[in-house]
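Source file: input.tsv; contents: TSV, C-alpha atoms and all ligand atoms.
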```tsv
chain	number	residue	atom	x	y	z
A	1	MET	CA	4.40	-22.96	2.19
A	2	ALA	CA	1.59	-20.87	0.73
A	3	HIS	CA	-1.08	-19.67	3.12
A	4	PHE	CA	-4.53	-21.05	2.54
A	5	THR	CA	-6.00	-18.21	0.48
A	6	LYS	CA	-3.44	-19.45	-2.02
A	7	LEU	CA	-3.79	-23.13	-1.15
A	8	SER	CA	-5.50	-25.55	-3.47
A	9	SER	CA	-8.77	-26.85	-2.06
A	10	GLU	CA	-6.98	-30.19	-1.48
A	11	GLN	CA	-4.29	-28.53	0.65
A	12	LEU	CA	-6.93	-26.63	2.61
A	13	THR	CA	-8.84	-29.86	3.19
A	14	ASP	CA	-5.62	-31.44	4.53
A	15	CYS	CA	-5.22	-28.65	7.12
A	16	ILE	CA	-8.69	-29.34	8.57
A	17	ALA	CA	-9.08	-33.07	7.82
A	18	HIS	CA	-8.76	-33.88	11.56
A	19	LEU	CA	-12.05	-32.03	12.28
A	20	SER	CA	-15.70	-33.13	11.98
A	21	THR	CA	-17.33	-32.59	8.56
A	22	PRO	CA	-19.77	-29.86	9.75
A	23	LEU	CA	-16.91	-27.99	11.45
A	24	GLN	CA	-14.79	-28.29	8.28
A	25	GLN	CA	-17.64	-26.78	6.26
A	26	GLN	CA	-18.13	-23.94	8.73
A	27	LEU	CA	-14.41	-23.18	8.74
A	28	LYS	CA	-14.18	-23.18	4.94
A	29	SER	CA	-17.07	-20.72	4.71
A	30	ILE	CA	-15.10	-18.29	6.91
A	31	VAL	CA	-11.51	-18.66	5.74
A	32	CYS	CA	-12.35	-18.70	2.04
A	33	ARG	CA	-13.96	-15.24	2.23
A	34	VAL	CA	-11.89	-12.68	0.33
A	35	ASP	CA	-12.00	-10.33	3.34
A	36	PHE	CA	-10.61	-12.93	5.80
A	37	LYS	CA	-7.48	-11.41	7.35
A	38	ALA	CA	-6.25	-14.17	9.68
A	39	CYS	CA	-8.74	-13.04	12.35
A	40	PHE	CA	-12.01	-14.68	13.42
A	41	THR	CA	-14.64	-12.30	14.87
A	42	SER	CA	-16.12	-13.27	18.24
A	43	GLU	CA	-19.38	-14.21	16.43
A	44	GLN	CA	-17.47	-16.51	14.07
A	45	VAL	CA	-15.68	-18.03	17.09
A	46	GLN	CA	-19.05	-18.70	18.73
A	47	THR	CA	-20.32	-20.54	15.63
A	48	LEU	CA	-17.17	-22.67	15.62
A	49	LEU	CA	-17.42	-23.38	19.37
A	50	ALA	CA	-20.97	-24.71	18.84
A	51	HIS	CA	-19.33	-27.80	17.29
A	52	TYR	CA	-17.64	-28.74	20.59
A	53	SER	CA	-19.32	-30.29	23.61
A	54	ALA	CA	-17.02	-29.99	26.65
A	55	SER	CA	-16.85	-27.05	29.09
A	56	ASP	CA	-16.51	-23.50	27.72
A	57	LYS	CA	-12.79	-23.24	28.55
A	58	ALA	CA	-11.98	-26.74	27.25
A	59	ASN	CA	-13.85	-25.98	24.00
A	60	LYS	CA	-11.87	-22.77	23.46
A	61	GLN	CA	-8.61	-24.57	24.16
A	62	GLN	CA	-9.47	-27.37	21.73
A	63	LEU	CA	-10.58	-24.94	19.02
A	64	CYS	CA	-7.27	-23.02	19.29
A	65	ARG	CA	-5.31	-26.27	19.10
A	66	ASP	CA	-7.42	-27.47	16.15
A	67	LEU	CA	-6.70	-24.30	14.16
A	68	ILE	CA	-2.90	-24.65	14.38
A	69	PRO	CA	-2.45	-26.38	10.95
A	70	LEU	CA	-4.30	-23.47	9.29
A	71	ALA	CA	-2.02	-20.96	11.05
A	72	GLN	CA	1.01	-23.01	9.93
A	73	SER	CA	-0.12	-22.65	6.33
A	74	TYR	CA	0.93	-18.96	6.53
A	75	SER	CA	4.53	-19.87	7.39
A	76	LEU	CA	7.27	-18.57	5.08
A	77	ALA	CA	10.33	-20.62	5.98
A	78	PRO	CA	12.76	-20.81	3.02
A	79	ILE	CA	15.75	-21.38	5.34
A	80	SER	CA	14.52	-23.91	7.89
A	81	SER	CA	11.46	-25.43	6.18
A	82	PHE	CA	10.18	-25.52	9.79
A	83	TYR	CA	6.62	-24.23	9.61
A	84	VAL	CA	5.48	-22.70	12.91
A	85	GLY	CA	1.87	-21.70	13.49
A	86	ALA	CA	0.40	-19.75	16.41
A	87	VAL	CA	-3.26	-19.22	17.30
A	88	ALA	CA	-4.22	-16.66	19.95
A	89	MET	CA	-7.53	-15.83	21.57
A	90	GLY	CA	-7.95	-12.25	22.78
A	91	GLU	CA	-9.98	-10.93	25.68
A	92	SER	CA	-12.55	-9.79	23.05
A	93	GLY	CA	-13.20	-13.44	22.12
A	94	LYS	CA	-11.59	-13.02	18.68
A	95	ILE	CA	-9.06	-15.56	17.42
A	96	TYR	CA	-5.91	-14.63	15.48
A	97	PHE	CA	-3.37	-16.51	13.38
A	98	GLY	CA	0.39	-15.98	13.23
A	99	ALA	CA	3.31	-17.77	11.57
A	100	ASN	CA	7.08	-17.48	11.24
A	101	MET	CA	8.69	-15.54	8.38
A	102	GLU	CA	12.31	-16.05	7.32
A	103	PHE	CA	14.30	-13.85	4.91
A	104	LYS	CA	16.86	-15.74	2.86
A	105	GLY	CA	20.02	-13.67	2.26
A	106	LEU	CA	20.03	-11.66	5.51
A	107	THR	CA	21.01	-12.48	9.08
A	108	LEU	CA	18.81	-14.87	11.06
A	109	ALA	CA	18.17	-11.94	13.42
A	110	GLN	CA	15.58	-10.63	10.92
A	111	THR	CA	13.42	-13.75	11.37
A	112	VAL	CA	9.88	-13.18	12.65
A	113	HIS	CA	8.67	-15.87	15.05
A	114	ALA	CA	5.10	-17.15	14.92
A	115	GLU	CA	4.42	-15.78	18.42
A	116	GLN	CA	5.58	-12.29	17.37
A	117	SER	CA	3.40	-12.57	14.28
A	118	VAL	CA	0.24	-13.51	16.19
A	119	ILE	CA	0.81	-10.74	18.77
A	120	THR	CA	1.29	-8.19	15.96
A	121	ASN	CA	-1.89	-9.43	14.28
A	122	ALA	CA	-3.91	-9.14	17.51
A	123	TRP	CA	-2.48	-5.65	18.23
A	124	ARG	CA	-3.38	-4.58	14.70
A	125	HIS	CA	-7.00	-5.60	15.37
A	126	GLN	CA	-7.14	-3.38	18.51
A	127	GLU	CA	-6.85	-6.34	20.91
A	128	THR	CA	-5.17	-5.28	24.16
A	129	LYS	CA	-4.91	-8.61	26.00
A	130	LEU	CA	-4.44	-12.28	25.08
A	131	VAL	CA	-6.04	-15.04	27.13
A	132	MET	CA	-4.91	-18.12	25.18
A	133	LEU	CA	-1.98	-18.97	22.92
A	134	ALA	CA	-1.67	-22.27	21.03
A	135	VAL	CA	1.57	-23.06	19.19
A	136	SER	CA	2.81	-25.88	17.00
A	137	ALA	CA	6.25	-25.88	18.70
A	138	PRO	CA	7.36	-24.85	22.20
A	139	PRO	CA	7.94	-21.05	22.31
A	140	CYS	CA	11.70	-20.38	22.30
A	141	GLY	CA	13.39	-18.24	24.98
A	142	HIS	CA	13.31	-15.18	22.69
A	143	CYS	CA	9.52	-15.54	22.26
A	144	ARG	CA	8.95	-16.09	25.97
A	145	GLN	CA	10.76	-12.80	26.54
A	146	PHE	CA	8.67	-11.11	23.81
A	147	ILE	CA	5.40	-12.46	25.29
A	148	ASN	CA	6.45	-11.25	28.74
A	149	GLU	CA	6.11	-7.67	27.46
A	150	LEU	CA	2.31	-8.11	27.25
A	151	ASN	CA	-0.36	-6.83	29.56
A	152	GLY	CA	-1.30	-9.74	31.88
A	153	ALA	CA	1.24	-12.09	30.26
A	154	GLY	CA	1.54	-14.35	33.31
A	155	ASP	CA	-2.09	-15.52	33.05
A	156	ILE	CA	-2.03	-16.46	29.35
A	157	ASP	CA	-3.06	-20.08	28.88
A	158	VAL	CA	-0.25	-21.60	26.75
A	159	LEU	CA	-1.14	-24.66	24.68
A	160	ILE	CA	1.85	-26.42	23.16
A	161	THR	CA	1.15	-29.32	20.80
A	162	LYS	CA	1.04	-32.64	22.68
A	163	GLN	CA	1.47	-30.87	26.06
A	164	PRO	CA	-1.14	-30.03	28.71
A	165	SER	CA	-2.10	-26.37	29.08
A	166	THR	CA	0.29	-24.21	31.15
A	167	ARG	CA	0.10	-20.71	32.63
A	168	PHE	CA	2.66	-18.52	30.86
A	169	ALA	CA	4.21	-17.51	34.20
A	170	ASP	CA	5.10	-21.20	34.75
A	171	ILE	CA	7.17	-21.43	31.56
A	172	LEU	CA	9.13	-18.23	32.31
A	173	PRO	CA	10.05	-18.37	35.99
A	174	MET	CA	12.17	-15.62	37.58
A	175	ALA	CA	11.42	-13.43	34.56
A	176	PHE	CA	13.08	-10.17	33.57
A	177	GLY	CA	10.31	-7.73	32.64
A	178	PRO	CA	9.53	-4.07	31.92
A	179	SER	CA	9.07	-3.36	35.64
A	180	ASP	CA	12.76	-4.24	36.20
A	181	LEU	CA	13.50	-1.09	34.19
A	182	GLY	CA	10.86	0.88	36.11
A	183	ILE	CA	8.39	0.85	33.20
A	184	SER	CA	4.65	0.35	33.72
A	185	ALA	CA	3.67	0.49	30.00
A	186	ARG	CA	2.94	-2.83	28.26
A	187	LEU	CA	2.93	-4.00	24.64
A	188	MET	CA	-0.48	-4.00	22.83
A	189	VAL	CA	-1.75	-1.21	25.09
A	190	SER	CA	-1.08	1.47	22.47
A	191	PRO	CA	0.46	4.68	23.77
A	192	ASP	CA	-0.31	8.06	22.23
A	193	ASN	CA	3.09	9.47	21.31
A	194	GLN	CA	2.54	13.12	20.53
A	195	LEU	CA	4.16	13.45	17.08
A	196	THR	CA	3.67	15.66	14.03
A	197	LEU	CA	5.00	15.51	10.50
A	198	LYS	CA	5.14	18.17	7.80
A	199	SER	CA	4.09	16.17	4.74
A	200	ASP	CA	1.03	16.14	2.47
A	201	SER	CA	1.61	12.52	1.50
A	202	VAL	CA	-1.22	10.23	2.61
A	203	LEU	CA	1.20	7.31	3.00
A	204	ALA	CA	3.50	9.43	5.19
A	205	GLN	CA	0.58	10.46	7.42
A	206	HIS	CA	-0.34	6.78	7.80
A	207	ALA	CA	3.26	5.99	8.78
A	208	LEU	CA	3.05	8.84	11.30
A	209	SER	CA	-0.13	7.36	12.79
A	210	ALA	CA	1.73	4.04	13.18
A	211	ALA	CA	4.63	5.81	14.92
A	212	THR	CA	2.16	7.64	17.15
A	213	SER	CA	0.90	4.37	18.61
A	214	SER	CA	4.21	2.47	18.47
A	215	TYR	CA	5.67	1.01	21.68
A	216	SER	CA	9.18	2.12	22.69
A	217	PRO	CA	9.11	2.95	26.41
A	218	PHE	CA	12.78	1.93	26.89
A	219	SER	CA	14.55	3.93	24.19
A	220	LEU	CA	11.80	6.52	23.62
A	221	SER	CA	12.30	6.08	19.87
A	222	PRO	CA	8.84	5.78	18.28
A	223	SER	CA	8.69	4.70	14.64
A	224	GLY	CA	6.15	3.49	12.12
A	225	ILE	CA	6.04	2.22	8.55
A	226	ALA	CA	3.38	2.29	5.86
A	227	LEU	CA	3.55	-0.09	2.88
A	228	GLN	CA	1.37	0.32	-0.20
A	229	THR	CA	0.39	-2.42	-2.66
A	230	PRO	CA	-2.28	-2.31	-5.39
A	231	ASN	CA	-4.55	-4.22	-2.98
A	232	GLY	CA	-4.07	-2.37	0.28
A	233	LEU	CA	-2.17	-0.29	2.79
A	234	TYR	CA	-0.33	-1.94	5.69
A	235	LEU	CA	1.04	-0.31	8.81
A	236	GLY	CA	3.82	-1.49	11.09
A	237	ARG	CA	4.57	-0.16	14.57
A	238	TYR	CA	7.83	-0.57	16.43
A	239	ALA	CA	7.34	-3.11	19.28
A	240	GLU	CA	10.21	-2.75	21.71
A	241	ASN	CA	11.29	-5.27	24.33
A	242	CYS	CA	12.77	-4.59	27.76
A	243	ALA	CA	15.60	-7.04	26.93
A	244	TYR	CA	16.18	-5.09	23.69
A	245	ASN	CA	17.07	-7.92	21.24
A	246	PRO	CA	13.64	-9.55	20.91
A	247	SER	CA	12.20	-6.17	19.70
A	248	LEU	CA	10.23	-6.20	16.44
A	249	SER	CA	10.89	-3.47	13.85
A	250	PRO	CA	8.08	-1.49	12.19
A	251	LEU	CA	9.00	-3.05	8.83
A	252	GLN	CA	8.69	-6.56	10.27
A	253	GLY	CA	5.32	-5.52	11.74
A	254	ALA	CA	4.07	-4.17	8.41
A	255	LEU	CA	5.24	-7.29	6.55
A	256	ILE	CA	3.36	-9.48	9.03
A	257	SER	CA	0.12	-7.53	8.42
A	258	LEU	CA	0.59	-7.58	4.66
A	259	HIS	CA	1.26	-11.31	4.55
A	260	LEU	CA	-1.53	-12.30	6.96
A	261	SER	CA	-3.95	-10.18	4.88
A	262	GLY	CA	-3.25	-12.46	1.91
A	263	ASP	CA	-1.19	-9.86	0.03
A	264	SER	CA	2.20	-10.42	-1.63
A	265	ILE	CA	5.48	-8.84	-0.55
A	266	SER	CA	6.50	-8.67	-4.23
A	267	ASP	CA	3.56	-6.29	-4.87
A	268	ILE	CA	4.85	-3.51	-2.58
A	269	SER	CA	4.79	-0.28	-4.64
A	270	SER	CA	5.89	2.28	-2.01
A	271	ALA	CA	7.18	2.33	1.53
A	272	VAL	CA	7.54	5.18	4.05
A	273	LEU	CA	9.26	5.10	7.44
A	274	VAL	CA	8.59	7.83	10.01
A	275	GLU	CA	10.89	8.25	12.99
A	276	HIS	CA	12.43	11.04	15.06
A	277	LYS	CA	15.82	12.33	13.90
A	278	GLU	CA	17.23	12.60	17.44
A	279	SER	CA	16.08	9.14	18.59
A	280	LYS	CA	18.62	6.80	20.18
A	281	VAL	CA	17.30	3.94	18.03
A	282	SER	CA	16.96	4.35	14.26
A	283	GLN	CA	15.17	1.84	12.01
A	284	GLU	CA	16.34	3.44	8.78
A	285	LYS	CA	19.44	1.46	7.82
A	286	THR	CA	18.23	-1.98	8.87
A	287	SER	CA	14.80	-1.46	7.26
A	288	LYS	CA	16.38	-0.29	3.98
A	289	GLN	CA	18.50	-3.41	3.96
A	290	LEU	CA	15.58	-5.78	4.58
A	291	LEU	CA	13.32	-4.00	2.09
A	292	SER	CA	16.01	-3.98	-0.62
A	293	LEU	CA	16.29	-7.76	-0.28
A	294	ILE	CA	12.57	-8.44	-0.75
A	295	SER	CA	11.50	-5.61	-3.06
A	296	ASP	CA	12.71	-3.13	-5.72
A	297	VAL	CA	11.06	-0.29	-3.82
A	298	THR	CA	13.27	2.24	-2.01
A	299	LEU	CA	12.31	3.12	1.53
A	300	GLU	CA	11.54	6.81	2.02
A	301	THR	CA	12.44	8.05	5.53
A	302	LEU	CA	10.79	11.12	7.02
A	303	HIS	CA	11.57	12.73	10.36
A	304	CYS	CA	8.73	13.68	12.66
A	305	SER	CA	8.80	16.17	15.53
A	306	VAL	CA	7.42	15.96	19.03
A	307	LYS	CA	4.25	18.09	19.43
A	401	LIG	N1	10.31	-20.43	15.51
A	401	LIG	C1	9.16	-19.79	15.86
A	401	LIG	O1	8.45	-19.24	15.01
A	401	LIG	N2	8.81	-19.76	17.18
A	401	LIG	C2	9.57	-20.34	18.16
A	401	LIG	O2	9.53	-19.94	19.29
A	401	LIG	C3	10.47	-21.42	17.76
A	401	LIG	C4	11.18	-21.10	16.48
A	401	LIG	C5	10.74	-20.38	14.10
A	401	LIG	C6	11.91	-19.44	13.88
A	401	LIG	C7	12.52	-20.02	12.63
A	401	LIG	O3	11.81	-19.51	11.51
A	401	LIG	C8	12.25	-21.51	12.73
A	401	LIG	O4	11.17	-21.66	13.67
A	401	LIG	C9	13.44	-22.34	13.21
A	401	LIG	O5	13.88	-21.89	14.42
A	402	ZN	ZN	10.50	-17.92	19.20
```

Show the structure stored in the file as structure tokens.
Amino acid sequence: MAHFTKLSSEQLTDCIAHLSTPLQQQLKSIVCRVDFKACFTSEQVQTLLAHYSASDKANKQQLCRDLIPLAQSYSLAPISSFYVGAVAMGESGKIYFGANMEFKGLTLAQTVHAEQSVITNAWRHQETKLVMLAVSAPPCGHCRQFINELNGAGDIDVLITKQPSTRFADILPMAFGPSDLGISARLMVSPDNQLTLKSDSVLAQHALSAATSSYSPFSLSPSGIALQTPNGLYLGRYAENCAYNPSLSPLQGALISLHLSGDSISDISSAVLVEHKESKVSQEKTSKQLLSLISDVTLETLHCSVK
């Protein structure tokens, strides 16, 4: 499924046909802008909320639910053809889109879930806390574990299609979380890993900045990736999980940002990974494998040092 910057106007109309005509027009004027990157500013959210007439919280919930088909239009699902969309509202009042991404030819473990995509998108836009999360399908166990890594996760208002709103803590009872491993850090609250890298390459320094604010409190293995295309530069930060397996690699993070920005994976012209040579977790081999499947570009790996 092509996301809406690549949708025909008929397909875009289909995604918002369930909304009132003035709201449809308002939405089109925002999402058709060339600089729209799957994020609505708080001012844009306010203009959209003006079309609703219930209480403030109910309006926000309904708006998030109403935007799900647009988020689904970003889904890349060549294996399942199951298009999952996620819409999150941050504490800042901004709204973000996310969608699943599947990679045909590799293991299913490389799949990005819509919830991981929307969290990565919000983190990229400096959001530190989510207050609402609307999804087209119930979040799977893996996603519930991933969400549980967030600051204030328990209070997130979860809106599953055709279900009443639920507090996140109620859909993950008796949870295993970072505090079980004695960790107080939380995902989306970017750390400042003190790292340096001897390289004059601008792309490498960007990858270093991604590694510097990556989240790996369990393995202490920070890593970051920078991808270049003719249209832009995209960063990916490692997002670790206390239960290990639901972690998201820096390459997956960078691909999410690239795709949600309306860019094409096939246009990647260079890619740099920065990690520490002595780290217990290395992204190098797995990232090379994923990148070689989706692009002709070879991943350059550079080793940083601790300051
Ligand atoms: N999927 C999600 O994106 N989120 C969930 O929590 C449920 C499953 C995706 C993963 C895969 O691309 C497809 O749906 C089938 O499982
Ligand atoms: Zn999931």

Looking at all atoms listed in the file, which of A:Ser55, A:His142, A:Arg33, A:Leu70 is the one that sits closest to ligand LIG 401 (chain A)?
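Nearest candidate to ligand LIG 401 (chain A) out of A:Ser55, A:His142, A:Arg33, A:Leu70: A:His142.
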
Between atom CA of Glu149 of chain A and atom CA of Leu172 of chain A, what is the distance in Å, rounded to a tenth?
12.0 Å

What are the centre and the three edge lengths of an axis-aligned box that wraps all atoms of segment 59-62 of chain A in the file, given that 6 Å is added to every side, written as AutoDock Vina command-line options and rounded to one decimal in Å?
```
--center_x -11.2 --center_y -25.1 --center_z 22.9 --size_x 17.2 --size_y 16.6 --size_z 14.4
```

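Minimum distance to Arg167 of chain A across A:Ser270, A:Asp180, A:Ala137, A:Val131 (counting all atoms listed in the file) occurs at A:Val131.
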
Nearest to Gly105 of chain A, chosen from A:Pro78, A:Leu159, A:Ala50, A:Ala122, with all atoms listed in the file counted in the distances
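Smallest distance to Gly105 of chain A is found for A:Pro78.
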
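With all atoms listed in the file as the basis for measurement, A:Tyr215 is the residue among A:Phe36, A:Phe176, A:Tyr215, A:Tyr96 that approaches Val189 of chain A most closely.
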
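Remark: for Ile156 of chain A, the closest of the candidate residues A:Ser73, A:Ser53, A:Ser213, A:Gln61 is A:Gln61 (distances computed over only C-alpha atoms).
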
Interface rows for chain A against ligand ZN 402 (chain A): nearest pair, Å to one decimal, 9 Å, all atoms listed in the file, as a tab-separated table:
```
residue	atom	partner	partner_atom	distance
A:Asn100	CA	A:ZN402	ZN	8.7
A:Val112	CA	A:ZN402	ZN	8.1
A:His113	CA	A:ZN402	ZN	5.0
A:Ala114	CA	A:ZN402	ZN	6.9
A:Glu115	CA	A:ZN402	ZN	6.5
A:Gln116	CA	A:ZN402	ZN	7.7
A:Pro138	CA	A:ZN402	ZN	8.2
A:Pro139	CA	A:ZN402	ZN	5.1
A:Cys140	CA	A:ZN402	ZN	4.1
A:Gly141	CA	A:ZN402	ZN	6.5
A:His142	CA	A:ZN402	ZN	5.3
A:Cys143	CA	A:ZN402	ZN	4.0
A:Arg144	CA	A:ZN402	ZN	7.2
A:Gln145	CA	A:ZN402	ZN	9.0
A:Phe146	CA	A:ZN402	ZN	8.4
```

Any idea what's packed within 10 Å of Thr41 of chain A, counting all atoms listed in the file, ignoring anything in its chain fewer than 4 positions away? Could you give it as a PyMOL selection string?
chain A and resi 30+36+45-46+92-96

For segment 202-204 of chain A, find every residue with an atom within 9 Å (counting all atoms listed in the file), except residues of its own chain fewer than 6 positions away, and show them as JSON, numbers by chain.
{"A": [225, 226, 227, 228, 233, 270, 271, 272, 273, 274, 302]}

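Restricting the calculation to all atoms listed in the file, the smallest distance between Ser223 of chain A and any of A:Ser201, A:Cys304, A:Gly262, A:Ala86 is found for A:Cys304.
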
For Tyr74 of chain A, work out the shell of residues within 12 Å, counting all atoms listed in the file and skipping chain neighbours fewer than 6 positions away, then give it as a PDB file with C-alpha atoms, in the frame of the given file.
```pdb
ATOM      1  CA  MET A   1       4.400 -22.960   2.190  1.00  0.00           C
ATOM      2  CA  ALA A   2       1.590 -20.870   0.730  1.00  0.00           C
ATOM      3  CA  HIS A   3      -1.080 -19.670   3.120  1.00  0.00           C
ATOM      4  CA  PHE A   4      -4.530 -21.050   2.540  1.00  0.00           C
ATOM      5  CA  THR A   5      -6.000 -18.210   0.480  1.00  0.00           C
ATOM      6  CA  LYS A   6      -3.440 -19.450  -2.020  1.00  0.00           C
ATOM      7  CA  LEU A   7      -3.790 -23.130  -1.150  1.00  0.00           C
ATOM      8  CA  LEU A  12      -6.930 -26.630   2.610  1.00  0.00           C
ATOM      9  CA  CYS A  15      -5.220 -28.650   7.120  1.00  0.00           C
ATOM     10  CA  LYS A  37      -7.480 -11.410   7.350  1.00  0.00           C
ATOM     11  CA  ALA A  38      -6.250 -14.170   9.680  1.00  0.00           C
ATOM     12  CA  ILE A  68      -2.900 -24.650  14.380  1.00  0.00           C
ATOM     13  CA  PHE A  82      10.180 -25.520   9.790  1.00  0.00           C
ATOM     14  CA  TYR A  83       6.620 -24.230   9.610  1.00  0.00           C
ATOM     15  CA  VAL A  84       5.480 -22.700  12.910  1.00  0.00           C
ATOM     16  CA  GLY A  85       1.870 -21.700  13.490  1.00  0.00           C
ATOM     17  CA  ALA A  86       0.400 -19.750  16.410  1.00  0.00           C
ATOM     18  CA  VAL A  87      -3.260 -19.220  17.300  1.00  0.00           C
ATOM     19  CA  PHE A  97      -3.370 -16.510  13.380  1.00  0.00           C
ATOM     20  CA  GLY A  98       0.390 -15.980  13.230  1.00  0.00           C
ATOM     21  CA  ALA A  99       3.310 -17.770  11.570  1.00  0.00           C
ATOM     22  CA  ASN A 100       7.080 -17.480  11.240  1.00  0.00           C
ATOM     23  CA  MET A 101       8.690 -15.540   8.380  1.00  0.00           C
ATOM     24  CA  GLU A 102      12.310 -16.050   7.320  1.00  0.00           C
ATOM     25  CA  HIS A 113       8.670 -15.870  15.050  1.00  0.00           C
ATOM     26  CA  ALA A 114       5.100 -17.150  14.920  1.00  0.00           C
ATOM     27  CA  SER A 117       3.400 -12.570  14.280  1.00  0.00           C
ATOM     28  CA  VAL A 118       0.240 -13.510  16.190  1.00  0.00           C
ATOM     29  CA  ILE A 256       3.360  -9.480   9.030  1.00  0.00           C
ATOM     30  CA  SER A 257       0.120  -7.530   8.420  1.00  0.00           C
ATOM     31  CA  LEU A 258       0.590  -7.580   4.660  1.00  0.00           C
ATOM     32  CA  HIS A 259       1.260 -11.310   4.550  1.00  0.00           C
ATOM     33  CA  LEU A 260      -1.530 -12.300   6.960  1.00  0.00           C
ATOM     34  CA  SER A 261      -3.950 -10.180   4.880  1.00  0.00           C
ATOM     35  CA  GLY A 262      -3.250 -12.460   1.910  1.00  0.00           C
ATOM     36  CA  ASP A 263      -1.190  -9.860   0.030  1.00  0.00           C
ATOM     37  CA  SER A 264       2.200 -10.420  -1.630  1.00  0.00           C
TER      38      SER A 264
END
```

Spatial neighbours of Thr13 of chain A, 10 Å, all atoms listed in the file, chain gap at least 3 places, as a list in words
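These residues fall inside the cut-off: Phe4, Leu7, Ser8, Ser9, Glu10, Ile16, Ala17, His18, Leu19, Gln24, Gln25, Lys28 and Leu70 of chain A.
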
Atom CA of Cys39 of chain A to atom CA of Asp170 of chain A, distance in Å rounded to a single decimal
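Here the two named atoms are 27.6 Å from each other.
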
Only C-alpha atoms, as a PDB file, in the first residue's frame: that is what I want for segment 25-74 of chain A.
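Dumped everything to selection_0.pdb:
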```
ATOM      1  CA  GLN A  25     -10.748  19.753   3.373  1.00  0.00           C
ATOM      2  CA  GLN A  26      -8.770  20.811   6.431  1.00  0.00           C
ATOM      3  CA  LEU A  27      -6.989  17.464   6.570  1.00  0.00           C
ATOM      4  CA  LYS A  28      -6.121  17.529   2.863  1.00  0.00           C
ATOM      5  CA  SER A  29      -4.594  20.994   3.234  1.00  0.00           C
ATOM      6  CA  ILE A  30      -2.233  19.617   5.900  1.00  0.00           C
ATOM      7  CA  VAL A  31      -1.300  16.160   4.634  1.00  0.00           C
ATOM      8  CA  CYS A  32      -0.788  17.237   1.023  1.00  0.00           C
ATOM      9  CA  ARG A  33       1.936  19.724   2.016  1.00  0.00           C
ATOM     10  CA  VAL A  34       5.334  18.589   0.720  1.00  0.00           C
ATOM     11  CA  ASP A  35       6.851  19.120   4.179  1.00  0.00           C
ATOM     12  CA  PHE A  36       4.303  16.877   5.970  1.00  0.00           C
ATOM     13  CA  LYS A  37       6.287  14.182   7.785  1.00  0.00           C
ATOM     14  CA  ALA A  38       3.565  12.060   9.420  1.00  0.00           C
ATOM     15  CA  CYS A  39       3.338  14.560  12.302  1.00  0.00           C
ATOM     16  CA  PHE A  40       0.636  17.157  13.017  1.00  0.00           C
ATOM     17  CA  THR A  41       1.801  20.215  14.995  1.00  0.00           C
ATOM     18  CA  SER A  42      -0.248  21.111  18.085  1.00  0.00           C
ATOM     19  CA  GLU A  43      -1.678  24.115  16.150  1.00  0.00           C
ATOM     20  CA  GLN A  44      -2.777  21.822  13.307  1.00  0.00           C
ATOM     21  CA  VAL A  45      -4.325  19.457  15.875  1.00  0.00           C
ATOM     22  CA  GLN A  46      -6.270  22.379  17.367  1.00  0.00           C
ATOM     23  CA  THR A  47      -7.684  23.327  13.944  1.00  0.00           C
ATOM     24  CA  LEU A  48      -8.774  19.715  13.419  1.00  0.00           C
ATOM     25  CA  LEU A  49     -10.311  19.477  16.910  1.00  0.00           C
ATOM     26  CA  ALA A  50     -12.450  22.549  16.142  1.00  0.00           C
ATOM     27  CA  HIS A  51     -14.537  20.246  13.912  1.00  0.00           C
ATOM     28  CA  TYR A  52     -15.633  18.113  16.890  1.00  0.00           C
ATOM     29  CA  SER A  53     -18.213  19.065  19.501  1.00  0.00           C
ATOM     30  CA  ALA A  54     -17.917  16.709  22.500  1.00  0.00           C
ATOM     31  CA  SER A  55     -15.645  17.173  25.540  1.00  0.00           C
ATOM     32  CA  ASP A  56     -11.942  17.933  25.006  1.00  0.00           C
ATOM     33  CA  LYS A  57     -10.808  14.371  25.823  1.00  0.00           C
ATOM     34  CA  ALA A  58     -13.565  12.728  23.757  1.00  0.00           C
ATOM     35  CA  ASN A  59     -12.700  14.984  20.791  1.00  0.00           C
ATOM     36  CA  LYS A  60      -9.021  14.015  20.962  1.00  0.00           C
ATOM     37  CA  GLN A  61      -9.917  10.340  21.194  1.00  0.00           C
ATOM     38  CA  GLN A  62     -12.258  10.573  18.208  1.00  0.00           C
ATOM     39  CA  LEU A  63      -9.724  12.516  16.129  1.00  0.00           C
ATOM     40  CA  CYS A  64      -7.044   9.861  16.787  1.00  0.00           C
ATOM     41  CA  ARG A  65      -9.477   7.094  15.849  1.00  0.00           C
ATOM     42  CA  ASP A  66     -10.573   9.017  12.726  1.00  0.00           C
ATOM     43  CA  LEU A  67      -6.988   9.351  11.492  1.00  0.00           C
ATOM     44  CA  ILE A  68      -6.271   5.592  11.577  1.00  0.00           C
ATOM     45  CA  PRO A  69      -7.022   4.948   7.850  1.00  0.00           C
ATOM     46  CA  LEU A  70      -4.484   7.650   6.906  1.00  0.00           C
ATOM     47  CA  ALA A  71      -1.863   6.031   9.159  1.00  0.00           C
ATOM     48  CA  GLN A  72      -2.671   2.642   7.570  1.00  0.00           C
ATOM     49  CA  SER A  73      -1.887   4.100   4.155  1.00  0.00           C
ATOM     50  CA  TYR A  74       1.815   4.097   5.175  1.00  0.00           C
TER      51      TYR A  74
END
```
